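J.: My structure is in protein_3.cif, and what it holds is mmCIF, C-alpha atoms:
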data_protein
#
loop_
_atom_site.group_PDB
_atom_site.id
_atom_site.type_symbol
_atom_site.label_atom_id
_atom_site.label_comp_id
_atom_site.auth_asym_id
_atom_site.auth_seq_id
_atom_site.Cartn_x
_atom_site.Cartn_y
_atom_site.Cartn_z
ATOM 1 C CA MET A 7 0.000 0.000 0.000
ATOM 2 C CA LYS A 8 1.305 3.439 -0.881
ATOM 3 C CA PRO A 9 1.916 5.837 2.041
ATOM 4 C CA LEU A 10 -1.108 7.926 2.951
ATOM 5 C CA LYS A 11 -1.225 11.690 2.575
ATOM 6 C CA ILE A 12 -3.262 13.355 5.322
ATOM 7 C CA LEU A 13 -4.493 16.894 5.921
ATOM 8 C CA ALA A 14 -5.063 17.909 9.558
ATOM 9 C CA VAL A 15 -7.322 20.920 10.228
ATOM 10 C CA ASP A 16 -7.818 22.629 13.602
ATOM 11 C CA ASP A 17 -8.048 26.315 14.543
ATOM 12 C CA GLU A 18 -6.309 25.757 17.911
ATOM 13 C CA PRO A 19 -2.512 25.599 17.371
ATOM 14 C CA PRO A 20 -1.759 23.235 20.320
ATOM 15 C CA ALA A 21 -4.474 20.807 19.203
ATOM 16 C CA LEU A 22 -3.258 20.966 15.591
ATOM 17 C CA GLU A 23 0.327 20.381 16.691
ATOM 18 C CA ASP A 24 -0.664 17.352 18.799
ATOM 19 C CA LEU A 25 -2.737 15.873 15.981
ATOM 20 C CA THR A 26 -0.036 16.267 13.335
ATOM 21 C CA TYR A 27 2.553 14.837 15.739
ATOM 22 C CA LEU A 28 0.469 11.714 16.332
ATOM 23 C CA LEU A 29 -0.332 11.302 12.634
ATOM 24 C CA ARG A 30 3.336 11.569 11.636
ATOM 25 C CA GLY A 31 4.120 8.804 14.094
ATOM 26 C CA ASP A 32 1.985 6.318 12.135
ATOM 27 C CA ARG A 33 4.100 4.310 9.676
ATOM 28 C CA ARG A 34 1.232 4.067 7.196
ATOM 29 C CA ILE A 35 1.299 7.838 6.700
ATOM 30 C CA GLY A 36 3.895 9.335 4.390
ATOM 31 C CA ARG A 37 3.003 13.021 4.582
ATOM 32 C CA VAL A 38 0.920 15.230 6.861
ATOM 33 C CA LEU A 39 -0.250 18.696 5.821
ATOM 34 C CA ALA A 40 -1.640 21.129 8.394
ATOM 35 C CA ALA A 41 -4.152 23.969 8.182
ATOM 36 C CA GLY A 42 -5.418 26.304 10.897
ATOM 37 C CA SER A 43 -8.806 26.947 9.271
ATOM 38 C CA SER A 44 -11.198 25.575 6.680
ATOM 39 C CA ASP A 45 -10.241 28.360 4.279
ATOM 40 C CA ALA A 46 -6.557 27.470 4.632
ATOM 41 C CA ALA A 47 -7.428 23.814 4.066
ATOM 42 C CA LEU A 48 -9.236 24.614 0.816
ATOM 43 C CA ARG A 49 -6.288 26.698 -0.384
ATOM 44 C CA LEU A 50 -3.976 23.727 0.221
ATOM 45 C CA LEU A 51 -6.344 21.410 -1.600
ATOM 46 C CA ASP A 52 -6.343 23.726 -4.615
ATOM 47 C CA ASP A 53 -2.735 22.690 -5.227
ATOM 48 C CA ASP A 54 -2.593 19.212 -3.706
ATOM 49 C CA THR A 55 -4.680 16.103 -3.109
ATOM 50 C CA VAL A 56 -4.897 14.023 0.052
ATOM 51 C CA ASP A 57 -6.266 10.629 0.979
ATOM 52 C CA ALA A 58 -8.043 11.884 4.092
ATOM 53 C CA VAL A 59 -8.830 14.979 6.120
ATOM 54 C CA PHE A 60 -8.723 14.840 9.929
ATOM 55 C CA LEU A 61 -10.568 17.929 11.129
ATOM 56 C CA ASP A 62 -12.179 19.696 14.053
ATOM 57 C CA ILE A 63 -15.835 20.727 13.876
ATOM 58 C CA ARG A 64 -16.173 23.995 15.776
ATOM 59 C CA MET A 65 -13.981 26.470 13.938
ATOM 60 C CA PRO A 66 -14.562 30.176 13.150
ATOM 61 C CA GLY A 67 -15.842 30.997 9.691
ATOM 62 C CA LEU A 68 -16.432 27.834 7.698
ATOM 63 C CA ASP A 69 -16.787 25.094 10.332
ATOM 64 C CA GLY A 70 -15.791 21.459 9.910
ATOM 65 C CA LEU A 71 -19.240 20.288 8.822
ATOM 66 C CA ASP A 72 -19.414 22.985 6.158
ATOM 67 C CA LEU A 73 -15.935 22.092 4.954
ATOM 68 C CA VAL A 74 -16.954 18.462 4.483
ATOM 69 C CA ARG A 75 -19.978 19.574 2.453
ATOM 70 C CA VAL A 76 -17.584 21.432 0.159
ATOM 71 C CA LEU A 77 -15.242 18.428 -0.056
ATOM 72 C CA SER A 78 -18.150 16.167 -1.007
ATOM 73 C CA ARG A 79 -18.427 18.084 -4.289
ATOM 74 C CA PHE A 80 -14.858 17.196 -5.300
ATOM 75 C CA ALA A 81 -14.488 14.741 -8.170
ATOM 76 C CA HIS A 82 -12.592 12.418 -5.789
ATOM 77 C CA PRO A 83 -13.441 13.512 -2.233
ATOM 78 C CA PRO A 84 -11.008 12.446 0.490
ATOM 79 C CA ALA A 85 -12.058 10.281 3.417
ATOM 80 C CA VAL A 86 -13.101 12.338 6.435
ATOM 81 C CA VAL A 87 -12.327 11.804 10.116
ATOM 82 C CA PHE A 88 -13.763 14.256 12.619
ATOM 83 C CA VAL A 89 -11.620 15.034 15.663
ATOM 84 C CA THR A 90 -13.672 17.026 18.151
ATOM 85 C CA ALA A 91 -14.338 17.621 21.827
ATOM 86 C CA TYR A 92 -18.102 17.440 21.270
ATOM 87 C CA GLU A 93 -20.282 14.319 21.129
ATOM 88 C CA ASP A 94 -23.309 16.223 19.814
ATOM 89 C CA PHE A 95 -22.270 16.120 16.157
ATOM 90 C CA ALA A 96 -22.050 12.339 15.712
ATOM 91 C CA VAL A 97 -25.364 12.147 13.851
ATOM 92 C CA ASP A 98 -24.276 14.984 11.551
ATOM 93 C CA ALA A 99 -21.089 12.998 10.869
ATOM 94 C CA PHE A 100 -23.296 10.003 10.027
ATOM 95 C CA ALA A 101 -25.279 12.107 7.547
ATOM 96 C CA LEU A 102 -22.082 13.446 5.936
ATOM 97 C CA LYS A 103 -20.617 9.946 5.558
ATOM 98 C CA ALA A 104 -17.608 10.395 7.805
ATOM 99 C CA CYS A 105 -15.106 7.580 8.024
ATOM 100 C CA ASP A 106 -14.686 7.968 11.798
ATOM 101 C CA TYR A 107 -15.495 10.277 14.705
ATOM 102 C CA LEU A 108 -12.837 10.794 17.383
ATOM 103 C CA LEU A 109 -13.294 12.560 20.704
ATOM 104 C CA LYS A 110 -10.514 14.713 22.119
ATOM 105 C CA PRO A 111 -8.135 14.023 23.700
ATOM 106 C CA VAL A 112 -7.278 11.375 21.116
ATOM 107 C CA GLY A 113 -5.075 8.454 22.126
ATOM 108 C CA ARG A 114 -2.615 6.711 19.820
ATOM 109 C CA GLU A 115 -4.612 3.482 19.649
ATOM 110 C CA ARG A 116 -7.880 5.196 18.752
ATOM 111 C CA LEU A 117 -6.146 7.330 16.134
ATOM 112 C CA ALA A 118 -4.457 4.227 14.705
ATOM 113 C CA GLU A 119 -7.891 2.618 14.277
ATOM 114 C CA ALA A 120 -9.093 5.651 12.313
ATOM 115 C CA VAL A 121 -5.988 5.511 10.109
ATOM 116 C CA ARG A 122 -6.650 1.811 9.505
ATOM 117 C CA ARG A 123 -10.142 2.640 8.247
ATOM 118 C CA VAL A 124 -8.758 5.323 5.958
ATOM 119 C CA ALA A 125 -6.162 2.865 4.636
ATOM 120 C CA GLU A 126 -8.866 0.283 3.871
ATOM 121 C CA ILE A 127 -10.957 2.823 1.984
ATOM 122 C CA THR A 128 -7.940 4.059 0.017
ATOM 123 C CA ALA A 129 -6.863 0.518 -0.835
ATOM 124 C CA GLY A 130 -10.399 -0.294 -2.015
ATOM 125 C CA ALA A 131 -10.525 2.802 -4.210
ATOM 126 C CA ASP A 132 -7.168 1.942 -5.777
ATOM 127 C CA ALA A 133 -8.034 -1.703 -6.486
ATOM 128 C CA PRO A 134 -8.367 -2.614 -10.203
ATOM 129 C CA GLY A 135 -11.913 -2.280 -11.414
ATOM 130 C CA ASP A 136 -13.023 -0.366 -8.329
ATOM 131 C CA THR A 137 -14.147 3.224 -8.166
ATOM 132 C CA PRO A 138 -14.073 5.395 -5.072
ATOM 133 C CA GLY A 139 -17.401 5.146 -3.279
ATOM 134 C CA ASP A 140 -19.140 6.718 -0.334
ATOM 135 C CA THR A 141 -17.649 5.822 2.984
ATOM 136 C CA LEU A 142 -21.066 5.135 4.429
ATOM 137 C CA GLY A 143 -23.147 4.514 1.337
ATOM 138 C CA GLY A 144 -23.518 1.046 -0.115
ATOM 139 C CA ARG A 145 -24.203 -0.248 -3.598
ATOM 140 C CA PRO A 146 -28.009 -0.362 -3.977
ATOM 141 C CA ASN A 147 -29.372 -3.845 -4.479
ATOM 142 C CA ASP A 148 -32.655 -5.506 -3.652
ATOM 143 C CA THR A 149 -31.027 -8.572 -2.124
ATOM 144 C CA PRO A 150 -29.549 -8.612 1.378
ATOM 145 C CA GLY A 151 -26.750 -10.824 0.109
ATOM 146 C CA ALA A 152 -25.324 -7.871 -1.762
ATOM 147 C CA ALA A 153 -24.919 -5.851 1.419
ATOM 148 C CA GLY A 154 -22.614 -8.512 2.826
ATOM 149 C CA GLN A 155 -20.387 -8.165 -0.229
ATOM 150 C CA ASP A 156 -20.212 -4.370 0.063
ATOM 151 C CA ARG A 157 -16.877 -3.338 1.556
ATOM 152 C CA SER A 158 -18.217 0.137 2.280
ATOM 153 C CA ALA A 159 -21.142 -1.016 4.438
ATOM 154 C CA GLU A 160 -22.575 1.951 6.275
ATOM 155 C CA ARG A 161 -21.255 2.732 9.750
ATOM 156 C CA ILE A 162 -23.335 4.511 12.363
ATOM 157 C CA PRO A 163 -21.714 6.414 15.252
ATOM 158 C CA VAL A 164 -23.358 5.495 18.564
ATOM 159 C CA ASP A 165 -22.575 6.369 22.167
ATOM 160 C CA LEU A 166 -22.047 3.366 24.418
ATOM 161 C CA GLY A 167 -21.090 4.264 27.965
ATOM 162 C CA GLY A 168 -19.310 7.457 26.969
ATOM 163 C CA VAL A 169 -17.408 5.758 24.134
ATOM 164 C CA THR A 170 -18.286 6.481 20.518
ATOM 165 C CA ARG A 171 -18.476 3.189 18.639
ATOM 166 C CA PHE A 172 -19.320 2.652 14.983
ATOM 167 C CA LEU A 173 -21.868 -0.072 14.264
ATOM 168 C CA THR A 174 -21.955 -1.425 10.735
ATOM 169 C CA ARG A 175 -25.291 -1.588 8.989
ATOM 170 C CA ASP A 176 -24.961 -5.371 8.704
ATOM 171 C CA GLU A 177 -24.725 -5.720 12.497
ATOM 172 C CA VAL A 178 -28.184 -4.216 12.972
ATOM 173 C CA ALA A 179 -30.944 -6.839 13.227
ATOM 174 C CA TYR A 180 -33.756 -4.304 13.425
ATOM 175 C CA ALA A 181 -34.442 -0.658 14.165
ATOM 176 C CA GLU A 182 -37.228 0.470 16.483
ATOM 177 C CA ALA A 183 -38.801 3.936 16.378
ATOM 178 C CA GLN A 184 -38.849 5.769 19.714
ATOM 179 C CA GLY A 185 -40.105 9.313 19.238
ATOM 180 C CA ASP A 186 -37.521 11.401 17.400
ATOM 181 C CA TYR A 187 -34.962 8.633 17.921
ATOM 182 C CA VAL A 188 -34.351 5.137 16.636
ATOM 183 C CA ARG A 189 -33.094 2.279 18.788
ATOM 184 C CA LEU A 190 -30.718 0.031 16.856
ATOM 185 C CA HIS A 191 -30.791 -3.580 17.991
ATOM 186 C CA ALA A 192 -27.409 -5.125 17.253
ATOM 187 C CA GLY A 193 -26.270 -8.135 19.252
ATOM 188 C CA GLY A 194 -26.332 -7.263 22.933
ATOM 189 C CA ASP A 195 -26.351 -3.522 22.255
ATOM 190 C CA ALA A 196 -29.386 -1.329 21.614
ATOM 191 C CA PRO A 197 -28.188 2.288 21.378
ATOM 192 C CA LEU A 198 -30.388 5.264 20.548
ATOM 193 C CA VAL A 199 -29.516 7.502 17.594
ATOM 194 C CA ARG A 200 -31.222 10.764 16.697
ATOM 195 C CA ILE A 201 -32.637 9.982 13.274
ATOM 196 C CA SER A 202 -36.170 9.192 12.131
ATOM 197 C CA LEU A 203 -37.181 5.694 11.109
ATOM 198 C CA ALA A 204 -38.446 7.114 7.800
ATOM 199 C CA VAL A 205 -34.990 8.494 6.951
ATOM 200 C CA LEU A 206 -33.333 5.223 7.939
ATOM 201 C CA GLU A 207 -35.853 3.302 5.833
ATOM 202 C CA GLU A 208 -35.028 5.394 2.759
ATOM 203 C CA ARG A 209 -31.302 4.750 3.219
ATOM 204 C CA TRP A 210 -31.422 1.061 4.121
ATOM 205 C CA VAL A 211 -34.237 -0.529 2.106
ATOM 206 C CA PRO A 212 -31.892 -0.929 -0.927
ATOM 207 C CA HIS A 213 -29.556 -2.913 1.351
ATOM 208 C CA GLY A 214 -31.859 -5.669 2.570
ATOM 209 C CA PHE A 215 -34.022 -3.879 5.136
ATOM 210 C CA LEU A 216 -37.812 -3.688 5.082
ATOM 211 C CA ARG A 217 -40.397 -1.695 7.025
ATOM 212 C CA ILE A 218 -42.763 -4.243 8.584
ATOM 213 C CA HIS A 219 -44.631 -1.968 10.976
ATOM 214 C CA ARG A 220 -44.875 1.730 11.810
ATOM 215 C CA ARG A 221 -42.373 1.052 14.617
ATOM 216 C CA TYR A 222 -40.016 -1.477 13.033
ATOM 217 C CA LEU A 223 -37.497 -1.684 10.197
ATOM 218 C CA VAL A 224 -35.897 -5.142 9.980
ATOM 219 C CA SER A 225 -32.902 -6.684 8.281
ATOM 220 C CA LEU A 226 -34.090 -9.608 6.171
ATOM 221 C CA ARG A 227 -30.778 -11.391 6.720
ATOM 222 C CA HIS A 228 -31.589 -11.562 10.442
ATOM 223 C CA VAL A 229 -35.140 -12.936 10.089
ATOM 224 C CA GLU A 230 -35.323 -16.339 11.787
ATOM 225 C CA GLU A 231 -39.014 -17.165 11.468
ATOM 226 C CA LEU A 232 -42.215 -15.902 9.850
ATOM 227 C CA ARG A 233 -45.488 -17.012 11.439
ATOM 228 C CA SER A 234 -49.202 -16.502 10.773
ATOM 229 C CA ASP A 235 -51.846 -16.961 13.469
ATOM 230 C CA ALA A 236 -55.447 -16.381 12.387
ATOM 231 C CA GLY A 237 -54.284 -13.859 9.789
ATOM 232 C CA HIS A 238 -51.949 -12.005 12.146
ATOM 233 C CA TRP A 239 -48.311 -12.153 11.056
ATOM 234 C CA THR A 240 -45.254 -12.018 13.290
ATOM 235 C CA ILE A 241 -41.567 -12.551 12.660
ATOM 236 C CA ARG A 242 -38.710 -13.570 14.897
ATOM 237 C CA VAL A 243 -35.611 -11.421 14.497
ATOM 238 C CA ALA A 244 -32.519 -11.900 16.666
ATOM 239 C CA GLY A 245 -34.584 -13.867 19.168
ATOM 240 C CA CYS A 246 -37.343 -11.214 19.417
ATOM 241 C CA GLU A 247 -40.896 -11.581 18.120
ATOM 242 C CA LEU A 248 -42.108 -8.516 16.211
ATOM 243 C CA PRO A 249 -45.551 -7.748 14.775
ATOM 244 C CA VAL A 250 -46.033 -7.355 11.036
ATOM 245 C CA SER A 251 -48.742 -4.936 9.983
ATOM 246 C CA ARG A 252 -51.290 -6.253 7.504
ATOM 247 C CA ARG A 253 -50.259 -3.806 4.755
ATOM 248 C CA HIS A 254 -46.625 -4.909 4.982
ATOM 249 C CA SER A 255 -47.141 -8.670 5.281
ATOM 250 C CA ARG A 256 -47.368 -9.449 1.547
ATOM 251 C CA GLU A 257 -44.260 -7.445 0.661
ATOM 252 C CA LEU A 258 -42.375 -9.136 3.482
ATOM 253 C CA ARG A 259 -43.283 -12.591 2.188
ATOM 254 C CA ASP A 260 -42.366 -11.608 -1.375
ATOM 255 C CA ARG A 261 -39.005 -10.142 -0.349
ATOM 256 C CA LEU A 262 -38.116 -13.141 1.789
ATOM 257 C CA GLY A 263 -39.059 -15.427 -1.088
ATOM 258 C CA ARG A 264 -36.874 -13.532 -3.567
ATOM 259 C CA TRP A 265 -33.986 -13.495 -1.137
ATOM 260 C CA SER A 266 -34.138 -17.253 -0.554
ATOM 261 C CA THR A 267 -33.504 -17.855 -4.259
ATOM 262 C CA ALA A 268 -31.076 -14.967 -4.846
ATOM 263 C CA PRO A 269 -27.277 -15.350 -4.981
ATOM 264 C CA GLY A 270 -25.909 -14.692 -1.506
ATOM 265 C CA GLY A 271 -29.216 -15.568 0.162
ATOM 266 C CA PRO A 272 -29.718 -18.504 2.515
ATOM 267 C CA SER A 273 -29.370 -21.965 1.053
#
Produce structure tokens that represent the structure in this file.

T.:
Amino acid sequence: MKPLKILAVDDEPPALEDLTYLLRGDRRIGRVLAAGSSDAALRLLDDDTVDAVFLDIRMPGLDGLDLVRVLSRFAHPPAVVFVTAYEDFAVDAFALKACDYLLKPVGRERLAEAVRRVAEITAGADAPGDTPGDTLGGRPNDTPGAAGQDRSAERIPVDLGGVTRFLTRDEVAYAEAQGDYVRLHAGGDAPLVRISLAVLEERWVPHGFLRIHRRYLVSLRHVEELRSDAGHWTIRVAGCELPVSRRHSRELRDRLGRWSTAPGGPS
């Protein structure tokens, strides 16, 4: 793998110095550029390209979120890693397809994990026949099997006991609406994220998820059982029994039937 070229952006000189120092200590990184503002970062990127941008969020003028919106319009946008003291912007990072979200002060191990993710994305973009894709977006397909083949499966930043962890879309068995939030059921974890179930449905239906009820969006790959009792349908997902509304029952049966015969579906 070729050495990575990274741009670090932070308006606080001590924080920028610490970040560049840590980045330069990673053997996978060949060059680190530094900018004290979003405007300075854009001026650097006029003359150079980088594999990833590690940036703060709260900065005067053009903040980090705005900078990423500008970068997303580039022909080949770099991967983005937010480095911030604030937990409140994790959902915004999710929406902007960030590669990772680090909380200050950043330790070497956590930073190394973010660099590993950047390296994987860069290696995938450079592979023959591949084209750079969204960090969080997948390749749309009606079969859940395709999501398992997608190297860029969507990651969702969640707070678990004060630690920001990124769940992959494929880990989520089902999502449950709870007011303005959604609870993601993934293994033994069930974190809340501030996003509507309707928005999540729009993003995830092409990747093997289906709305079965006004409260539930389920991953078809995690469905264990479909049952009918006097015309009332239920499914078992990750050991939990969930109701299926009448208007969604036919589509659920059709989708499960197509998946069972599709490449990558269950045998």

J.: For Arg200 of chain A, which residue out of A:Ile162, A:Leu48, A:Val112, A:Val97 is the nearest one, using all atoms listed in the file?

T.: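 Distance minimum relative to Arg200 of chain A lands on A:Val97.
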
J.: Apply the PyMOL selection byres ((chain A and resi 26) around 8) to the file shown and report the selected residues as a list in words.

T.: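 Listing what the PyMOL selection byres ((chain A and resi 26) around 8) selects in the shown file: Ala14, Leu22, Glu23, Asp24, Leu25, Tyr27, Leu28, Leu29, Arg30, Val38, Leu39 and Ala40 of chain A.
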
J.: Could you expand the PyMOL selection byres ((chain A and resi 254-257) around 12) into the explicit residues it covers here, written as a ChimeraX atom specification?

T.: /A:215-220,222-224,226,232-234,237-241,249-253,258-264

J.: Deliver the residues from the most recent selection as a file, using C-alpha atoms, as a CSV table (one decimal), in the frame of the given file.

T.:
chain,number,residue,atom,x,y,z
A,215,PHE,CA,-34.0,-3.9,5.1
A,216,LEU,CA,-37.8,-3.7,5.1
A,217,ARG,CA,-40.4,-1.7,7.0
A,218,ILE,CA,-42.8,-4.2,8.6
A,219,HIS,CA,-44.6,-2.0,11.0
A,220,ARG,CA,-44.9,1.7,11.8
A,222,TYR,CA,-40.0,-1.5,13.0
A,223,LEU,CA,-37.5,-1.7,10.2
A,224,VAL,CA,-35.9,-5.1,10.0
A,226,LEU,CA,-34.1,-9.6,6.2
A,232,LEU,CA,-42.2,-15.9,9.8
A,233,ARG,CA,-45.5,-17.0,11.4
A,234,SER,CA,-49.2,-16.5,10.8
A,237,GLY,CA,-54.3,-13.9,9.8
A,238,HIS,CA,-51.9,-12.0,12.1
A,239,TRP,CA,-48.3,-12.2,11.1
A,240,THR,CA,-45.3,-12.0,13.3
A,241,ILE,CA,-41.6,-12.6,12.7
A,249,PRO,CA,-45.6,-7.7,14.8
A,250,VAL,CA,-46.0,-7.4,11.0
A,251,SER,CA,-48.7,-4.9,10.0
A,252,ARG,CA,-51.3,-6.3,7.5
A,253,ARG,CA,-50.3,-3.8,4.8
A,258,LEU,CA,-42.4,-9.1,3.5
A,259,ARG,CA,-43.3,-12.6,2.2
A,260,ASP,CA,-42.4,-11.6,-1.4
A,261,ARG,CA,-39.0,-10.1,-0.3
A,262,LEU,CA,-38.1,-13.1,1.8
A,263,GLY,CA,-39.1,-15.4,-1.1
A,264,ARG,CA,-36.9,-13.5,-3.6

J.: Given the PyMOL selection byres ((chain A and resi 179-184) around 7) and the file above, list the residues it selects as a list of chain:residue names.

T.: A:Glu177, A:Val178, A:Gly185, A:Asp186, A:Tyr187, A:Val188, A:Arg189, A:Leu190, A:His191, A:Ala192, A:Leu203, A:Arg221, A:Tyr222, A:Leu223, A:Val224, A:Ser225, A:His228, A:Val243, A:Ala244

J.: When you draw a straight line from atom CA of Asp98 of chain A to atom CA of Leu71 of chain A, how long is it in Å?

T.: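 Computing it gives 7.8 Å between the two atoms.
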
J.: Return the single residue from A:Val87, A:Val205, A:Ala236, A:Leu13 that is closest to Leu50 of chain A, with distances computed using all atoms listed in the file.

T.: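 The shortest atom-to-atom distance to Leu50 of chain A comes from A:Leu13.
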
J.: Would you list the residues near (-20.5, 13.7, 19.3) (no more than 12 Å away, in the coordinates of the file, using all atoms listed in the file) as an MDAnalysis selection string?

T.: chainID A and resid 62:64 88:100 106:110 162:166 168:172 199:200

J.: Please measure the separation of atom CA of Leu117 of chain A and atom CA of Met65 of chain A, giving the value in Å to one decimal.

T.: 20.8 Å

J.: Record the distance separating atom CA of Arg37 of chain A and atom CA of Ala58 of chain A, expressed in Å with one decimal.

T.: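 Atom CA of Ala58 of chain A lies at a distance of 11.1 Å from atom CA of Arg37 of chain A.
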
J.: Taking all atoms of segment 73-86 of chain A that appear in the file, build a box with edges along x, y and z, extend it by 6 Å on every side, and state its centre and edge lengths in Å to one decimal, as JSON.

T.:
{"center_x": -15.5, "center_y": 16.2, "center_z": -0.9, "size_x": 21.0, "size_y": 23.8, "size_z": 26.6}

J.: Could you write segment 174-181 of chain A as a PDB file, in the frame of the given file, with all heavy atoms rebuilt where they are missing?

T.:
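The new file part-v5.pdb reads:
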ATOM      1  N   THR A 174     -21.735  -1.298  12.174  1.00  0.00           N
ATOM      2  CA  THR A 174     -21.955  -1.425  10.735  1.00  0.00           C
ATOM      3  C   THR A 174     -23.429  -1.722  10.495  1.00  0.00           C
ATOM      4  O   THR A 174     -24.119  -2.280  11.355  1.00  0.00           O
ATOM      5  CB  THR A 174     -21.116  -2.559  10.114  1.00  0.00           C
ATOM      6  OG1 THR A 174     -21.552  -3.820  10.652  1.00  0.00           O
ATOM      7  CG2 THR A 174     -19.634  -2.349  10.415  1.00  0.00           C
ATOM      8  N   ARG A 175     -23.891  -1.351   9.343  1.00  0.00           N
ATOM      9  CA  ARG A 175     -25.291  -1.588   8.989  1.00  0.00           C
ATOM     10  C   ARG A 175     -25.624  -3.076   9.098  1.00  0.00           C
ATOM     11  O   ARG A 175     -26.710  -3.455   9.554  1.00  0.00           O
ATOM     12  CB  ARG A 175     -25.541  -1.086   7.566  1.00  0.00           C
ATOM     13  CG  ARG A 175     -26.985  -1.199   7.091  1.00  0.00           C
ATOM     14  CD  ARG A 175     -27.104  -0.658   5.671  1.00  0.00           C
ATOM     15  NE  ARG A 175     -26.201  -1.346   4.773  1.00  0.00           N
ATOM     16  CZ  ARG A 175     -25.432  -0.741   3.863  1.00  0.00           C
ATOM     17  NH1 ARG A 175     -25.467   0.563   3.748  1.00  0.00           N
ATOM     18  NH2 ARG A 175     -24.638  -1.438   3.080  1.00  0.00           N
ATOM     19  N   ASP A 176     -24.688  -3.944   8.695  1.00  0.00           N
ATOM     20  CA  ASP A 176     -24.961  -5.371   8.704  1.00  0.00           C
ATOM     21  C   ASP A 176     -25.096  -5.945  10.109  1.00  0.00           C
ATOM     22  O   ASP A 176     -25.650  -7.032  10.286  1.00  0.00           O
ATOM     23  CB  ASP A 176     -23.849  -6.122   7.959  1.00  0.00           C
ATOM     24  CG  ASP A 176     -23.883  -5.874   6.461  1.00  0.00           C
ATOM     25  OD1 ASP A 176     -24.874  -5.280   5.988  1.00  0.00           O
ATOM     26  OD2 ASP A 176     -22.928  -6.264   5.768  1.00  0.00           O
ATOM     27  N   GLU A 177     -24.581  -5.247  11.118  1.00  0.00           N
ATOM     28  CA  GLU A 177     -24.725  -5.720  12.497  1.00  0.00           C
ATOM     29  C   GLU A 177     -26.138  -5.514  13.021  1.00  0.00           C
ATOM     30  O   GLU A 177     -26.553  -6.179  13.977  1.00  0.00           O
ATOM     31  CB  GLU A 177     -23.759  -4.977  13.427  1.00  0.00           C
ATOM     32  CG  GLU A 177     -22.302  -5.308  13.260  1.00  0.00           C
ATOM     33  CD  GLU A 177     -21.450  -4.508  14.224  1.00  0.00           C
ATOM     34  OE1 GLU A 177     -21.288  -4.966  15.378  1.00  0.00           O
ATOM     35  OE2 GLU A 177     -20.979  -3.427  13.844  1.00  0.00           O
ATOM     36  N   VAL A 178     -26.874  -4.586  12.450  1.00  0.00           N
ATOM     37  CA  VAL A 178     -28.184  -4.216  12.972  1.00  0.00           C
ATOM     38  C   VAL A 178     -29.230  -5.241  12.535  1.00  0.00           C
ATOM     39  O   VAL A 178     -29.442  -5.468  11.350  1.00  0.00           O
ATOM     40  CB  VAL A 178     -28.587  -2.815  12.490  1.00  0.00           C
ATOM     41  CG1 VAL A 178     -29.986  -2.454  12.997  1.00  0.00           C
ATOM     42  CG2 VAL A 178     -27.569  -1.781  12.947  1.00  0.00           C
ATOM     43  N   ALA A 179     -29.887  -5.873  13.525  1.00  0.00           N
ATOM     44  CA  ALA A 179     -30.944  -6.839  13.227  1.00  0.00           C
ATOM     45  C   ALA A 179     -32.254  -6.129  12.921  1.00  0.00           C
ATOM     46  O   ALA A 179     -32.974  -6.492  11.999  1.00  0.00           O
ATOM     47  CB  ALA A 179     -31.126  -7.804  14.393  1.00  0.00           C
ATOM     48  N   TYR A 180     -32.574  -5.109  13.719  1.00  0.00           N
ATOM     49  CA  TYR A 180     -33.756  -4.304  13.425  1.00  0.00           C
ATOM     50  C   TYR A 180     -33.649  -2.958  14.125  1.00  0.00           C
ATOM     51  O   TYR A 180     -32.876  -2.786  15.079  1.00  0.00           O
ATOM     52  CB  TYR A 180     -35.049  -5.025  13.812  1.00  0.00           C
ATOM     53  CG  TYR A 180     -35.274  -5.284  15.286  1.00  0.00           C
ATOM     54  CD1 TYR A 180     -36.057  -4.420  16.060  1.00  0.00           C
ATOM     55  CD2 TYR A 180     -34.744  -6.408  15.909  1.00  0.00           C
ATOM     56  CE1 TYR A 180     -36.289  -4.654  17.395  1.00  0.00           C
ATOM     57  CE2 TYR A 180     -34.968  -6.665  17.250  1.00  0.00           C
ATOM     58  CZ  TYR A 180     -35.751  -5.784  17.997  1.00  0.00           C
ATOM     59  OH  TYR A 180     -35.974  -6.034  19.335  1.00  0.00           O
ATOM     60  N   ALA A 181     -34.401  -2.003  13.608  1.00  0.00           N
ATOM     61  CA  ALA A 181     -34.442  -0.658  14.165  1.00  0.00           C
ATOM     62  C   ALA A 181     -35.854  -0.397  14.665  1.00  0.00           C
ATOM     63  O   ALA A 181     -36.834  -0.749  13.996  1.00  0.00           O
ATOM     64  CB  ALA A 181     -34.047   0.371  13.109  1.00  0.00           C
TER      65      ALA A 181
END
